[in-house]
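Take a look at the structure set out below.
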Amino acid sequence: MANTPLPVEHARPPFWRDERVLAVIAQIIFLIVVIVTAVYLFNNAREGLAQAGLTPGYDFLRLRAGFDIGDSIISYTSDDTYGRAFLVGIVNTVRVAIIGIILATILGTIMGILRLSPNLLLRGIATVYVETIRNTPLLVQLFFWYTAVMLKFPRVRQAIALPGPTYLSNRGLAIPWIEPLDGFRIWFGFFIAAFVIAYIVYRVQWTREDRTGQTSYPLTSALIAWIIVVIAGWFFAPGQPFTITRPELAGLNFEGGTVLAPEFAALLIGLVVYTGAFIAEIVRAGIQAVDKGQREAATALGLSTVQSLRFIILPQAMRIIIPPMTSQYLNLTKNSSLAFFIGFPDLFAVSTTIQNQTGKALEVISIVMACYLTTSLLTSLFMNWYNQKVRLVER
Amino acid sequence: MTTTTQTHTTPSLITSIWHWLRDNLLTPWYNALITIIVTPIVAFVLYRILAWIFFAAEWDVVKQNLRLFMVGPYPQEELWRSWVTLGIVVLLSGLSWGAWRGREWTAPISVVVLGILGALFLPITAASKINLLIMAAIFVGGQFLGAWKGEHLRKYVVWLWVLSFFIVLIILWDVRPSSTPPFFEANIPSGQVGGLTLTILLAVIGIVASFPIGVLLALGRRSSLPVVKTFSILYIEIIRGVPLVTVLWTASLLLPLFLPSDIRVDKFIRAVTGITLFSAAYLAENVRGGLQAIPKGQYEAAQALGLNYRQMMQYIILPQALRIVIPALVGQFIALFKDTTLVLIVGLLELLAIARSVISQPEFIGLQREVFVFIALIYWVFSYSMSYTSRRIEERLNVSRR
C-alpha cells in the first residue's frame, strides 16, 4: 500500500480548486469590474457633456485665452493661446520649485545642524522653528505670509529700505537684478559650460586620487576650472555681458532691478520655511544615524576632521539623507499648487481659470495631472538610479 | 546634563547652575561668543512677540467669534447636539485612559484644571462654562469606570469608539437613509457644520474611510496576481504623484460629471471622496511597509498550517503588520488633519475658511495676524499633542520590546 504511487490524474486538483486557474479567473473578473465601472462612468460623463453641448478634445489649446496673467517671465498677453497660458503656468511652477528647493535645502541644512549644536540657545531656536512650522498647516502659513506680512508692508512711497538696496513694500520686494546686454547669450553659454567642465575636472581628479592615493584636490580644482571658464566667457563675449541695476523709487513704482510680486514672495517664503523644517529633521536624523565608531575609526586611521567628514561621515549620511530629501523636493513642487489660494499664477491656478472659461474639465485635469506626474516620475527614476548607485554592497 | 553633577558629593545650587551654564552655553570659547551674540537677538525678538501678544494684538476678534471658530454656522438652538457629541468623545477618552492606564492621576487632574481655567477665563456664556465643567467631570467619571473594570473593558472600548463614530454623525448631522424619518426636529444641512468641528470630522472620516481601501491596495501591491498588482501600483503612484488640491478639485469637478445626472453630490461628499481617495494611497504605502517588515517565516508558517490567503492575512500577518505601522498612521492622521485646510477649494467652512470669512467682516478688517495666529495655535495644539503622544507610546513599546 505504502509503495503504490498515487494515480497521476489525482495529483492534479480539479480546475475549480486549481490555484493557477483560480488566479487567472480572479484577475479576469477584477479586470471586467474595473473596465465596466470605467465605461459606466465615462458614458455618464459623455452624456452629461453632450447635454451641456460640449465636445471633448484638445483643440481649445489653440484658441485665444483672453485673460491676463499677472506674473510671468515668458512673454504672454491675453491674445495668446490657452496652450501658451499653460506654458506660463508650468514655467511659474518650475521657477518657484527650483528657487524654493535651493533655499529650503540651505535653510533646512543650517537648522538641522543647529538642532545638534552644543549651544542651548541655537538648539532652542532650531527646535522651536521645527516644531512650530511642522505642526501647523502650510496653507495657514501661506495666508499668514501673504495677508499678514506681505500686504501689511507700507505703500511704495514709504517702502522700507534694506541694504542692497532692497525695498519692501506692499507691491512686493524690489531687489537689484542683472540686466543682460549684447554679449549675454555668449557669456551665458560659457556660464553653463563652466558647470560641465567643472564636473569633468572633478571626476578626473577624483578618479586619479582614488587610483593613485595622491591628494589631488578634486573640489578645489573643479572650482578653479569653473572660475576660469566664467572669466574666459567674459573676455570672449562682445562687450560687457550684463550690468547690475538697482531699484530706484520713480513715481509710484520702482525702476531698475526687479520686483518680486508679493504673491510670489509669500509663496516662496511659505514653501521654503515649511519644507526647510522637514529637511532640518532629515538632516539631523542623517547625521545622528552615522555610527560614532565610524568617526572614531576615521580618527584612528589618521584622517583629519575634514577628511573624515568628506570620506567617512558625509557619504554615509548622504545615503540616509538623499531619499527622504528627494521626496521633500517633490512635496515642495506639489505644494506649490497652493499658489492658487494666494493668487500666484502657477500651473494649477492657470488651469482652474482655463477650466472655468472653457468648461473642459476632463481635458484640463488630464493636462495638469500629466505635468505633475511627469515630475514625480522623473524624480522616482532618479531615486531608483541613486539608490542603486549608493546601495551598500555587503559581502 | 544636571544628572552628571548629581553623582558628585552634593554640589551647591550655584555650582550646579554654573555647570549647566558651562555645558550648554559657554564652552568651548566660540560657544560663549555665539551665546553673547545670539542672546540679545533672541531677547529682542521675544520682547517684540510678547509685546504684540499682550499689548498690540486685538484679541476681541477671537473672543467675539469663538463659537464660529468652534462649530461654524451651526444653529444656536441646536448647539446642545455638538455638546452631546463632545460629551461622547470625552467619555470614551476617559474610559480608554482608565482601561489602559488605570488610576493614573496626571490626565484627570490636567483635564479638571483645564476645565476650570476654561470656565474662569474663556469668553463664553455661563451655560457653556457649566458644560465645560461637566465635560471635565465626565472624563474623570469615565476614567474611574475604566480603571474599575480595567482589562475587561478594553475590547468593548474599541468597539464603542467605532460605534461612536456613527452616533456622532447621527447626532451632529442627522445622517440617515432618506427613507427613515428624521431623529431631530431641526434638519441641519451639511453646509452648516463648520469650524474646528468640521476640520476634525473631515480628518477622522478621511482616515476611517481610507483605511480599508488602503489595506486592500497594500495587499494588492504585494499580490502575486499581475493584474491586481499593476492596478494597485498605478493607483498608488498616480495619486501620490499629484497634489491634494488637484485631487480635491478633480473630485469636485468630475463626481457630478461621472455620476448619473439625477444624483446630486453635495460639497461635503465631494471633499470626503477626494480626501479618502488621496489618503488611501499614502495609507497603502504605510501598510505595505508593515507587511514588508513581517519575517517570511510568518507567511510560511501560516501556509504550513494550511491557512488560506484570507485566513493567513486576517489572523497572522495583518495583526502584526498593522501594529508596526501605528506610528506611521498617526503621522498620516496629523498630515491629514493639516491638509483638511485644502477643502477650502470645494467651499466648505472648515476652520481656515471660517478664519477667512471672519477677516472679511468689515468690523474686523486688518486683523489677519490675530486670526491666523489663533487658528495656527489650534492646529498646533492638536498636531503637537498627537505627535507627542505617539512618540511617547512608541518609546514605551520599544522599551518593553527590548
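All residue names refer to the C-alpha cells as shown: chains lettered A, B, ... in order, residues numbered from 1 in each chain, ligands numbered from 1 in order.
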
Counting only C-alpha atoms, what are the residues of chain A within 7 Å of chain B, and for each of them which pair of atoms is the nearest and at what distance in Å, to one decimal? Sort the table by chain and rising number, as a Markdown table.
| residue | atom | partner | partner_atom | distance |
| --- | --- | --- | --- | --- |
| A:Ala23 | CA | B:Leu225 | CA | 6.7 |
| A:Gln27 | CA | B:Val227 | CA | 6.0 |
| A:Leu41 | CA | B:Phe258 | CA | 4.8 |
| A:Phe42 | CA | B:Phe258 | CA | 6.4 |
| A:Asn44 | CA | B:Phe258 | CA | 5.2 |
| A:Ala45 | CA | B:Phe258 | CA | 4.8 |
| A:Gly48 | CA | B:Leu257 | CA | 6.3 |
| A:Pro118 | CA | B:Asn24 | CA | 6.2 |
| A:Asn119 | CA | B:Leu25 | CA | 5.1 |
| A:Leu120 | CA | B:Asn24 | CA | 5.2 |
| A:Leu121 | CA | B:Thr35 | CA | 6.9 |
| A:Asn135 | CA | B:Trp380 | CA | 5.0 |
| A:Thr136 | CA | B:Trp380 | CA | 5.2 |
| A:Pro137 | CA | B:Lys338 | CA | 4.7 |
| A:Leu139 | CA | B:Thr341 | CA | 6.7 |
| A:Val140 | CA | B:Ala376 | CA | 6.7 |
| A:Phe144 | CA | B:Phe372 | CA | 6.2 |
| A:Thr147 | CA | B:Gln368 | CA | 6.6 |
| A:Ala148 | CA | B:Arg369 | CA | 5.2 |
| A:Lys334 | CA | B:Pro243 | CA | 4.9 |
| A:Asn335 | CA | B:Pro243 | CA | 6.5 |
| A:Ala361 | CA | B:Leu253 | CA | 6.8 |
| A:Ile365 | CA | B:Thr250 | CA | 6.8 |
| A:Met369 | CA | B:Val242 | CA | 6.4 |
| A:Tyr372 | CA | B:Val242 | CA | 5.6 |
| A:Leu373 | CA | B:Gly241 | CA | 5.2 |
| A:Ser376 | CA | B:Gly241 | CA | 5.3 |

Quick one: residues within 12 Å of Ala161 in chain A, only C-alpha atoms counted, chain neighbours fewer than 6 positions away excluded, as an mmCIF file with N, CA, C and O atoms, in the first residue's frame?
data_model
loop_
_atom_site.group_PDB
_atom_site.id
_atom_site.type_symbol
_atom_site.label_atom_id
_atom_site.label_comp_id
_atom_site.auth_asym_id
_atom_site.auth_seq_id
_atom_site.Cartn_x
_atom_site.Cartn_y
_atom_site.Cartn_z
ATOM 1 N N PHE A 153 3.049 95.452 4.467
ATOM 2 C CA PHE A 153 4.168 96.372 4.301
ATOM 3 C C PHE A 153 3.643 97.722 3.829
ATOM 4 O O PHE A 153 2.584 97.805 3.207
ATOM 5 N N PRO A 154 4.410 98.783 4.123
ATOM 6 C CA PRO A 154 3.926 100.117 3.748
ATOM 7 C C PRO A 154 3.809 100.271 2.234
ATOM 8 O O PRO A 154 4.329 99.462 1.475
ATOM 9 N N TYR A 167 14.006 97.048 -1.425
ATOM 10 C CA TYR A 167 12.873 97.787 -0.870
ATOM 11 C C TYR A 167 11.712 96.853 -0.608
ATOM 12 O O TYR A 167 11.341 96.041 -1.459
ATOM 13 N N LEU A 168 11.149 96.973 0.576
ATOM 14 C CA LEU A 168 9.975 96.183 0.937
ATOM 15 C C LEU A 168 8.753 97.088 0.904
ATOM 16 O O LEU A 168 8.711 98.097 1.581
ATOM 17 N N SER A 169 7.767 96.702 0.083
ATOM 18 C CA SER A 169 6.519 97.463 0.095
ATOM 19 C C SER A 169 5.387 96.488 -0.176
ATOM 20 O O SER A 169 5.638 95.314 -0.445
ATOM 21 N N LEU A 173 8.789 92.874 -3.350
ATOM 22 C CA LEU A 173 10.161 93.026 -2.919
ATOM 23 C C LEU A 173 10.981 93.478 -4.118
ATOM 24 O O LEU A 173 11.096 92.772 -5.107
ATOM 25 N N ALA A 174 11.535 94.720 -4.047
ATOM 26 C CA ALA A 174 12.346 95.222 -5.153
ATOM 27 C C ALA A 174 13.802 94.946 -4.837
ATOM 28 O O ALA A 174 14.315 95.372 -3.801
ATOM 29 N N ILE A 175 14.482 94.187 -5.712
ATOM 30 C CA ILE A 175 15.868 93.815 -5.454
ATOM 31 C C ILE A 175 16.723 94.163 -6.668
ATOM 32 O O ILE A 175 16.209 94.281 -7.779
ATOM 33 N N PRO A 247 17.158 98.927 -7.900
ATOM 34 C CA PRO A 247 15.812 99.511 -7.916
ATOM 35 C C PRO A 247 15.832 100.934 -7.364
ATOM 36 O O PRO A 247 16.528 101.213 -6.391
ATOM 37 N N GLU A 248 15.123 101.825 -8.030
ATOM 38 C CA GLU A 248 15.021 103.194 -7.525
ATOM 39 C C GLU A 248 13.581 103.627 -7.565
ATOM 40 O O GLU A 248 12.845 103.280 -8.506
ATOM 41 N N LEU A 249 13.189 104.393 -6.565
ATOM 42 C CA LEU A 249 11.815 104.862 -6.498
ATOM 43 C C LEU A 249 11.580 105.892 -7.599
ATOM 44 O O LEU A 249 12.302 106.880 -7.705
#

> Got a sec to tell me which of range 43-224 of chain B DSSP assigns to helix (DSSP H, G or I), as a count of residues only?
Replying inline: 144

>> Give me, as a ChimeraX atom specification, all polymer residues having an atom no more than 12 Å from Arg62 in chain A, counting only C-alpha atoms and skipping those fewer than 3 positions away in the same chain.
In response: /A:57-59,65-66,79-86

>> Can you tell me which residues surround Val88 in chain A at a distance of at most 9 Å, considering only C-alpha atoms, apart from same-chain residues fewer than 4 positions away, and format the answer as a PyMOL selection string?
In response: chain A and resi 69+71-76+83-84+92-93+345-347+350

Write a file of the just-selected residues containing N, CA, C and O atoms, as a PDB file, in the first residue's frame.
ATOM      1  N   ILE A  69      -2.365  87.259 -17.172  1.00  0.00           N
ATOM      2  CA  ILE A  69      -1.648  86.577 -16.098  1.00  0.00           C
ATOM      3  C   ILE A  69      -0.690  87.596 -15.504  1.00  0.00           C
ATOM      4  O   ILE A  69       0.101  88.210 -16.212  1.00  0.00           O
ATOM      5  N   ASP A  71       1.877  87.522 -13.382  1.00  0.00           N
ATOM      6  CA  ASP A  71       3.296  87.333 -13.103  1.00  0.00           C
ATOM      7  C   ASP A  71       3.838  86.280 -14.054  1.00  0.00           C
ATOM      8  O   ASP A  71       3.476  85.119 -13.975  1.00  0.00           O
ATOM      9  N   SER A  72       4.670  86.711 -14.993  1.00  0.00           N
ATOM     10  CA  SER A  72       5.217  85.727 -15.943  1.00  0.00           C
ATOM     11  C   SER A  72       6.609  86.146 -16.349  1.00  0.00           C
ATOM     12  O   SER A  72       6.881  87.332 -16.522  1.00  0.00           O
ATOM     13  N   ILE A  73       7.506  85.176 -16.527  1.00  0.00           N
ATOM     14  CA  ILE A  73       8.832  85.554 -17.000  1.00  0.00           C
ATOM     15  C   ILE A  73       8.971  85.266 -18.490  1.00  0.00           C
ATOM     16  O   ILE A  73       9.960  85.635 -19.106  1.00  0.00           O
ATOM     17  N   ILE A  74       7.993  84.572 -19.100  1.00  0.00           N
ATOM     18  CA  ILE A  74       7.993  84.487 -20.554  1.00  0.00           C
ATOM     19  C   ILE A  74       6.887  85.405 -21.059  1.00  0.00           C
ATOM     20  O   ILE A  74       5.935  85.684 -20.334  1.00  0.00           O
ATOM     21  N   SER A  75       7.035  85.883 -22.288  1.00  0.00           N
ATOM     22  CA  SER A  75       6.093  86.892 -22.761  1.00  0.00           C
ATOM     23  C   SER A  75       4.702  86.276 -22.922  1.00  0.00           C
ATOM     24  O   SER A  75       4.556  85.164 -23.434  1.00  0.00           O
ATOM     25  N   TYR A  76       3.704  86.988 -22.474  1.00  0.00           N
ATOM     26  CA  TYR A  76       2.334  86.495 -22.567  1.00  0.00           C
ATOM     27  C   TYR A  76       1.371  87.673 -22.513  1.00  0.00           C
ATOM     28  O   TYR A  76       1.514  88.571 -21.685  1.00  0.00           O
ATOM     29  N   GLY A  83      -2.824  77.238 -24.839  1.00  0.00           N
ATOM     30  CA  GLY A  83      -1.604  76.444 -24.725  1.00  0.00           C
ATOM     31  C   GLY A  83      -0.470  77.266 -24.121  1.00  0.00           C
ATOM     32  O   GLY A  83       0.238  76.817 -23.218  1.00  0.00           O
ATOM     33  N   ARG A  84      -0.351  78.520 -24.620  1.00  0.00           N
ATOM     34  CA  ARG A  84       0.670  79.420 -24.087  1.00  0.00           C
ATOM     35  C   ARG A  84       0.428  79.693 -22.601  1.00  0.00           C
ATOM     36  O   ARG A  84       1.369  79.752 -21.812  1.00  0.00           O
ATOM     37  N   ASN A  92       6.049  79.079 -14.305  1.00  0.00           N
ATOM     38  CA  ASN A  92       5.959  79.665 -12.961  1.00  0.00           C
ATOM     39  C   ASN A  92       6.124  78.608 -11.883  1.00  0.00           C
ATOM     40  O   ASN A  92       6.802  78.831 -10.880  1.00  0.00           O
ATOM     41  N   THR A  93       5.491  77.452 -12.069  1.00  0.00           N
ATOM     42  CA  THR A  93       5.635  76.369 -11.091  1.00  0.00           C
ATOM     43  C   THR A  93       7.091  75.934 -10.993  1.00  0.00           C
ATOM     44  O   THR A  93       7.637  75.801  -9.892  1.00  0.00           O
ATOM     45  N   PRO A 345      -0.050  82.889 -10.256  1.00  0.00           N
ATOM     46  CA  PRO A 345      -0.481  82.078 -11.395  1.00  0.00           C
ATOM     47  C   PRO A 345       0.447  80.897 -11.682  1.00  0.00           C
ATOM     48  O   PRO A 345       1.214  80.933 -12.628  1.00  0.00           O
ATOM     49  N   ASP A 346       0.396  79.868 -10.869  1.00  0.00           N
ATOM     50  CA  ASP A 346       1.167  78.668 -11.168  1.00  0.00           C
ATOM     51  C   ASP A 346       0.336  77.768 -12.070  1.00  0.00           C
ATOM     52  O   ASP A 346      -0.766  78.142 -12.488  1.00  0.00           O
ATOM     53  N   LEU A 347       0.859  76.592 -12.367  1.00  0.00           N
ATOM     54  CA  LEU A 347       0.173  75.676 -13.274  1.00  0.00           C
ATOM     55  C   LEU A 347      -1.275  75.430 -12.842  1.00  0.00           C
ATOM     56  O   LEU A 347      -2.201  75.520 -13.657  1.00  0.00           O
ATOM     57  N   VAL A 350      -3.582  78.648 -13.104  1.00  0.00           N
ATOM     58  CA  VAL A 350      -3.898  78.940 -14.502  1.00  0.00           C
ATOM     59  C   VAL A 350      -4.912  77.923 -15.031  1.00  0.00           C
ATOM     60  O   VAL A 350      -5.868  78.269 -15.724  1.00  0.00           O
TER      61      VAL A 350
END

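What separates CA of Leu196 in chain B from CA of Ser360 in chain B is a distance of 18.7 Å.
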
> If we count only C-alpha atoms, what is near range 303-318 of chain B at a cut-off of 10 Å, once residues fewer than 4 positions away on the same chain are taken out, given as a PyMOL selection string?
Replying inline: chain B and resi 215+219+287+290-291+294-295+297-299+322-324

> Distance CA of Gly53 in chain A-CA of Lys360 in chain A, one decimal place?
Replying inline: 11.3 Å

Could you pull the residues within 12 Å of range 105-113 of chain B, counting only C-alpha atoms, minus those fewer than 5 positions along the same chain, as an mmCIF file with all heavy atoms, in the first residue's frame?
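So the final result, stored in part22.cif, reads:
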data_model
loop_
_atom_site.group_PDB
_atom_site.id
_atom_site.type_symbol
_atom_site.label_atom_id
_atom_site.label_comp_id
_atom_site.auth_asym_id
_atom_site.auth_seq_id
_atom_site.Cartn_x
_atom_site.Cartn_y
_atom_site.Cartn_z
ATOM 1 N N VAL B 90 -15.492 62.695 24.967
ATOM 2 C CA VAL B 90 -14.772 62.859 26.236
ATOM 3 C C VAL B 90 -14.969 61.624 27.118
ATOM 4 O O VAL B 90 -14.015 61.107 27.709
ATOM 5 C CB VAL B 90 -15.263 64.130 26.955
ATOM 6 C CG1 VAL B 90 -14.776 64.145 28.390
ATOM 7 C CG2 VAL B 90 -14.775 65.361 26.231
ATOM 8 N N LEU B 91 -16.186 61.098 27.152
ATOM 9 C CA LEU B 91 -16.467 59.919 27.963
ATOM 10 C C LEU B 91 -15.611 58.734 27.491
ATOM 11 O O LEU B 91 -14.974 58.053 28.298
ATOM 12 C CB LEU B 91 -17.953 59.567 27.869
ATOM 13 C CG LEU B 91 -18.363 58.281 28.596
ATOM 14 C CD1 LEU B 91 -18.209 58.449 30.092
ATOM 15 C CD2 LEU B 91 -19.785 57.881 28.258
ATOM 16 N N SER B 93 -12.847 58.891 25.802
ATOM 17 C CA SER B 93 -11.434 59.149 26.099
ATOM 18 C C SER B 93 -11.146 58.769 27.543
ATOM 19 O O SER B 93 -10.134 58.118 27.832
ATOM 20 C CB SER B 93 -11.100 60.627 25.882
ATOM 21 O OG SER B 93 -11.553 61.047 24.640
ATOM 22 N N GLY B 94 -12.044 59.188 28.447
ATOM 23 C CA GLY B 94 -11.863 58.865 29.860
ATOM 24 C C GLY B 94 -11.838 57.366 30.074
ATOM 25 O O GLY B 94 -10.947 56.830 30.744
ATOM 26 N N LEU B 95 -12.809 56.664 29.454
ATOM 27 C CA LEU B 95 -12.883 55.207 29.576
ATOM 28 C C LEU B 95 -11.589 54.564 29.106
ATOM 29 O O LEU B 95 -11.024 53.706 29.797
ATOM 30 C CB LEU B 95 -14.041 54.688 28.724
ATOM 31 C CG LEU B 95 -15.400 54.507 29.400
ATOM 32 C CD1 LEU B 95 -16.418 54.019 28.389
ATOM 33 C CD2 LEU B 95 -15.286 53.519 30.550
ATOM 34 N N SER B 96 -11.111 54.993 27.911
ATOM 35 C CA SER B 96 -9.906 54.375 27.372
ATOM 36 C C SER B 96 -8.719 54.642 28.282
ATOM 37 O O SER B 96 -7.914 53.758 28.560
ATOM 38 C CB SER B 96 -9.577 54.924 25.981
ATOM 39 O OG SER B 96 -10.729 55.222 25.285
ATOM 40 N N TRP B 97 -8.624 55.900 28.739
ATOM 41 C CA TRP B 97 -7.494 56.247 29.605
ATOM 42 C C TRP B 97 -7.508 55.353 30.841
ATOM 43 O O TRP B 97 -6.480 54.789 31.245
ATOM 44 C CB TRP B 97 -7.578 57.720 29.991
ATOM 45 C CG TRP B 97 -6.286 58.229 30.529
ATOM 46 C CD1 TRP B 97 -5.917 58.284 31.836
ATOM 47 C CD2 TRP B 97 -5.184 58.718 29.771
ATOM 48 N NE1 TRP B 97 -4.655 58.777 31.948
ATOM 49 C CE2 TRP B 97 -4.175 59.058 30.694
ATOM 50 C CE3 TRP B 97 -4.954 58.910 28.415
ATOM 51 C CZ2 TRP B 97 -2.957 59.577 30.300
ATOM 52 C CZ3 TRP B 97 -3.739 59.426 28.020
ATOM 53 C CH2 TRP B 97 -2.760 59.750 28.959
ATOM 54 N N GLY B 98 -8.714 55.193 31.432
ATOM 55 C CA GLY B 98 -8.831 54.366 32.624
ATOM 56 C C GLY B 98 -8.530 52.917 32.324
ATOM 57 O O GLY B 98 -7.832 52.234 33.079
ATOM 58 N N GLY B 118 -10.709 77.113 31.820
ATOM 59 C CA GLY B 118 -11.550 77.491 30.692
ATOM 60 C C GLY B 118 -12.818 78.170 31.169
ATOM 61 O O GLY B 118 -13.227 79.209 30.642
ATOM 62 N N ALA B 119 -13.430 77.582 32.188
ATOM 63 C CA ALA B 119 -14.677 78.149 32.699
ATOM 64 C C ALA B 119 -14.437 79.530 33.288
ATOM 65 O O ALA B 119 -15.287 80.417 33.224
ATOM 66 C CB ALA B 119 -15.272 77.215 33.751
ATOM 67 N N LEU B 120 -13.255 79.723 33.884
ATOM 68 C CA LEU B 120 -12.973 81.019 34.509
ATOM 69 C C LEU B 120 -12.646 82.087 33.473
ATOM 70 O O LEU B 120 -13.115 83.218 33.554
ATOM 71 C CB LEU B 120 -11.801 80.874 35.487
ATOM 72 C CG LEU B 120 -12.131 80.247 36.843
ATOM 73 C CD1 LEU B 120 -10.879 80.160 37.696
ATOM 74 C CD2 LEU B 120 -13.212 81.052 37.558
ATOM 75 N N PHE B 121 -11.827 81.718 32.488
ATOM 76 C CA PHE B 121 -11.252 82.777 31.665
ATOM 77 C C PHE B 121 -11.766 82.846 30.231
ATOM 78 O O PHE B 121 -11.596 83.863 29.580
ATOM 79 C CB PHE B 121 -9.725 82.632 31.633
ATOM 80 C CG PHE B 121 -9.111 82.830 32.985
ATOM 81 C CD1 PHE B 121 -8.490 81.790 33.643
ATOM 82 C CD2 PHE B 121 -9.191 84.068 33.602
ATOM 83 C CE1 PHE B 121 -7.941 81.979 34.901
ATOM 84 C CE2 PHE B 121 -8.634 84.256 34.849
ATOM 85 C CZ PHE B 121 -8.013 83.207 35.503
ATOM 86 N N LEU B 132 -18.585 73.013 30.082
ATOM 87 C CA LEU B 132 -17.160 72.704 30.091
ATOM 88 C C LEU B 132 -16.788 71.933 31.349
ATOM 89 O O LEU B 132 -16.056 70.933 31.297
ATOM 90 C CB LEU B 132 -16.371 74.018 30.011
ATOM 91 C CG LEU B 132 -15.063 73.991 29.251
ATOM 92 C CD1 LEU B 132 -15.280 73.455 27.852
ATOM 93 C CD2 LEU B 132 -14.471 75.385 29.209
ATOM 94 N N LEU B 133 -17.339 72.388 32.501
ATOM 95 C CA LEU B 133 -17.057 71.695 33.752
ATOM 96 C C LEU B 133 -17.649 70.291 33.732
ATOM 97 O O LEU B 133 -17.038 69.332 34.216
ATOM 98 C CB LEU B 133 -17.629 72.500 34.929
ATOM 99 C CG LEU B 133 -16.905 73.823 35.189
ATOM 100 C CD1 LEU B 133 -17.573 74.576 36.320
ATOM 101 C CD2 LEU B 133 -15.433 73.556 35.534
ATOM 102 N N ILE B 134 -18.856 70.164 33.136
ATOM 103 C CA ILE B 134 -19.469 68.834 33.032
ATOM 104 C C ILE B 134 -18.570 67.910 32.227
ATOM 105 O O ILE B 134 -18.368 66.751 32.575
ATOM 106 C CB ILE B 134 -20.868 68.937 32.388
ATOM 107 C CG1 ILE B 134 -21.813 69.692 33.323
ATOM 108 C CG2 ILE B 134 -21.437 67.553 32.095
ATOM 109 C CD1 ILE B 134 -23.183 69.949 32.755
ATOM 110 N N MET B 135 -18.004 68.448 31.148
ATOM 111 C CA MET B 135 -17.112 67.638 30.313
ATOM 112 C C MET B 135 -15.948 67.095 31.136
ATOM 113 O O MET B 135 -15.599 65.916 31.048
ATOM 114 C CB MET B 135 -16.552 68.471 29.150
ATOM 115 C CG MET B 135 -17.566 68.888 28.113
ATOM 116 S SD MET B 135 -18.341 67.493 27.335
ATOM 117 C CE MET B 135 -20.024 68.063 27.257
ATOM 118 N N ALA B 136 -15.337 67.984 31.941
ATOM 119 C CA ALA B 136 -14.222 67.551 32.785
ATOM 120 C C ALA B 136 -14.692 66.449 33.728
ATOM 121 O O ALA B 136 -14.005 65.430 33.916
ATOM 122 C CB ALA B 136 -13.660 68.738 33.565
ATOM 123 N N ALA B 137 -15.886 66.619 34.320
ATOM 124 C CA ALA B 137 -16.425 65.617 35.240
ATOM 125 C C ALA B 137 -16.647 64.302 34.511
ATOM 126 O O ALA B 137 -16.345 63.224 35.044
ATOM 127 C CB ALA B 137 -17.727 66.131 35.852
ATOM 128 N N ILE B 138 -17.164 64.380 33.275
ATOM 129 C CA ILE B 138 -17.415 63.159 32.503
ATOM 130 C C ILE B 138 -16.119 62.402 32.275
ATOM 131 O O ILE B 138 -16.045 61.184 32.396
ATOM 132 C CB ILE B 138 -18.086 63.506 31.150
ATOM 133 C CG1 ILE B 138 -19.524 63.942 31.368
ATOM 134 C CG2 ILE B 138 -18.054 62.295 30.213
ATOM 135 C CD1 ILE B 138 -20.241 64.328 30.091
ATOM 136 N N PHE B 139 -15.055 63.158 31.964
ATOM 137 C CA PHE B 139 -13.763 62.496 31.733
ATOM 138 C C PHE B 139 -13.323 61.748 32.976
ATOM 139 O O PHE B 139 -12.960 60.572 32.927
ATOM 140 C CB PHE B 139 -12.703 63.528 31.338
ATOM 141 C CG PHE B 139 -11.378 62.899 31.012
ATOM 142 C CD1 PHE B 139 -11.102 62.480 29.724
ATOM 143 C CD2 PHE B 139 -10.421 62.694 31.996
ATOM 144 C CE1 PHE B 139 -9.902 61.882 29.419
ATOM 145 C CE2 PHE B 139 -9.209 62.089 31.699
ATOM 146 C CZ PHE B 139 -8.957 61.688 30.403
ATOM 147 N N VAL B 140 -13.396 62.436 34.136
ATOM 148 C CA VAL B 140 -12.952 61.812 35.388
ATOM 149 C C VAL B 140 -13.816 60.581 35.681
ATOM 150 O O VAL B 140 -13.304 59.497 36.016
ATOM 151 C CB VAL B 140 -13.021 62.828 36.544
ATOM 152 C CG1 VAL B 140 -12.669 62.152 37.855
ATOM 153 C CG2 VAL B 140 -12.081 63.981 36.271
ATOM 154 N N GLY B 141 -15.149 60.729 35.500
ATOM 155 C CA GLY B 141 -16.051 59.602 35.738
ATOM 156 C C GLY B 141 -15.716 58.446 34.809
ATOM 157 O O GLY B 141 -15.640 57.294 35.240
ATOM 158 N N GLY B 142 -15.490 58.763 33.540
ATOM 159 C CA GLY B 142 -15.161 57.731 32.562
ATOM 160 C C GLY B 142 -13.890 57.000 32.948
ATOM 161 O O GLY B 142 -13.818 55.772 32.885
ATOM 162 N N GLN B 143 -12.902 57.770 33.399
ATOM 163 C CA GLN B 143 -11.654 57.130 33.761
ATOM 164 C C GLN B 143 -11.841 56.216 34.970
ATOM 165 O O GLN B 143 -11.293 55.123 35.026
ATOM 166 C CB GLN B 143 -10.588 58.186 34.070
ATOM 167 C CG GLN B 143 -9.233 57.533 34.151
ATOM 168 C CD GLN B 143 -8.220 58.343 34.896
ATOM 169 O OE1 GLN B 143 -8.534 59.384 35.463
ATOM 170 N NE2 GLN B 143 -7.003 57.871 34.900
ATOM 171 N N PHE B 144 -12.643 56.683 35.930
ATOM 172 C CA PHE B 144 -12.902 55.891 37.129
ATOM 173 C C PHE B 144 -13.523 54.557 36.735
ATOM 174 O O PHE B 144 -13.097 53.485 37.155
ATOM 175 C CB PHE B 144 -13.824 56.680 38.058
ATOM 176 C CG PHE B 144 -13.924 56.079 39.417
ATOM 177 C CD1 PHE B 144 -12.874 56.190 40.319
ATOM 178 C CD2 PHE B 144 -15.063 55.385 39.790
ATOM 179 C CE1 PHE B 144 -12.969 55.616 41.568
ATOM 180 C CE2 PHE B 144 -15.149 54.814 41.040
ATOM 181 C CZ PHE B 144 -14.103 54.918 41.940
ATOM 182 N N ALA B 147 -10.960 52.370 34.910
ATOM 183 C CA ALA B 147 -9.972 51.790 35.800
ATOM 184 C C ALA B 147 -10.597 50.697 36.666
ATOM 185 O O ALA B 147 -9.965 49.711 37.023
ATOM 186 C CB ALA B 147 -9.370 52.888 36.684
#

>> Using DSSP assignments from the backbone, pull out every residue in range 205-298 of chain A that falls under strand (DSSP E or B) and give it to me as a list of chain:residue names.
In response: A:Phe242, A:Thr243, A:Ile244, A:Thr245, A:Glu248, A:Leu249, A:Ala250, A:Asn253, A:Phe254, A:Glu255, A:Thr258, A:Val259, A:Leu260

>> From the options B:Phe54, B:Trp83, B:Trp59, B:Phe364, which residue's atoms come nearest to Pro123 in chain B, counting only C-alpha atoms?
In response: B:Trp59
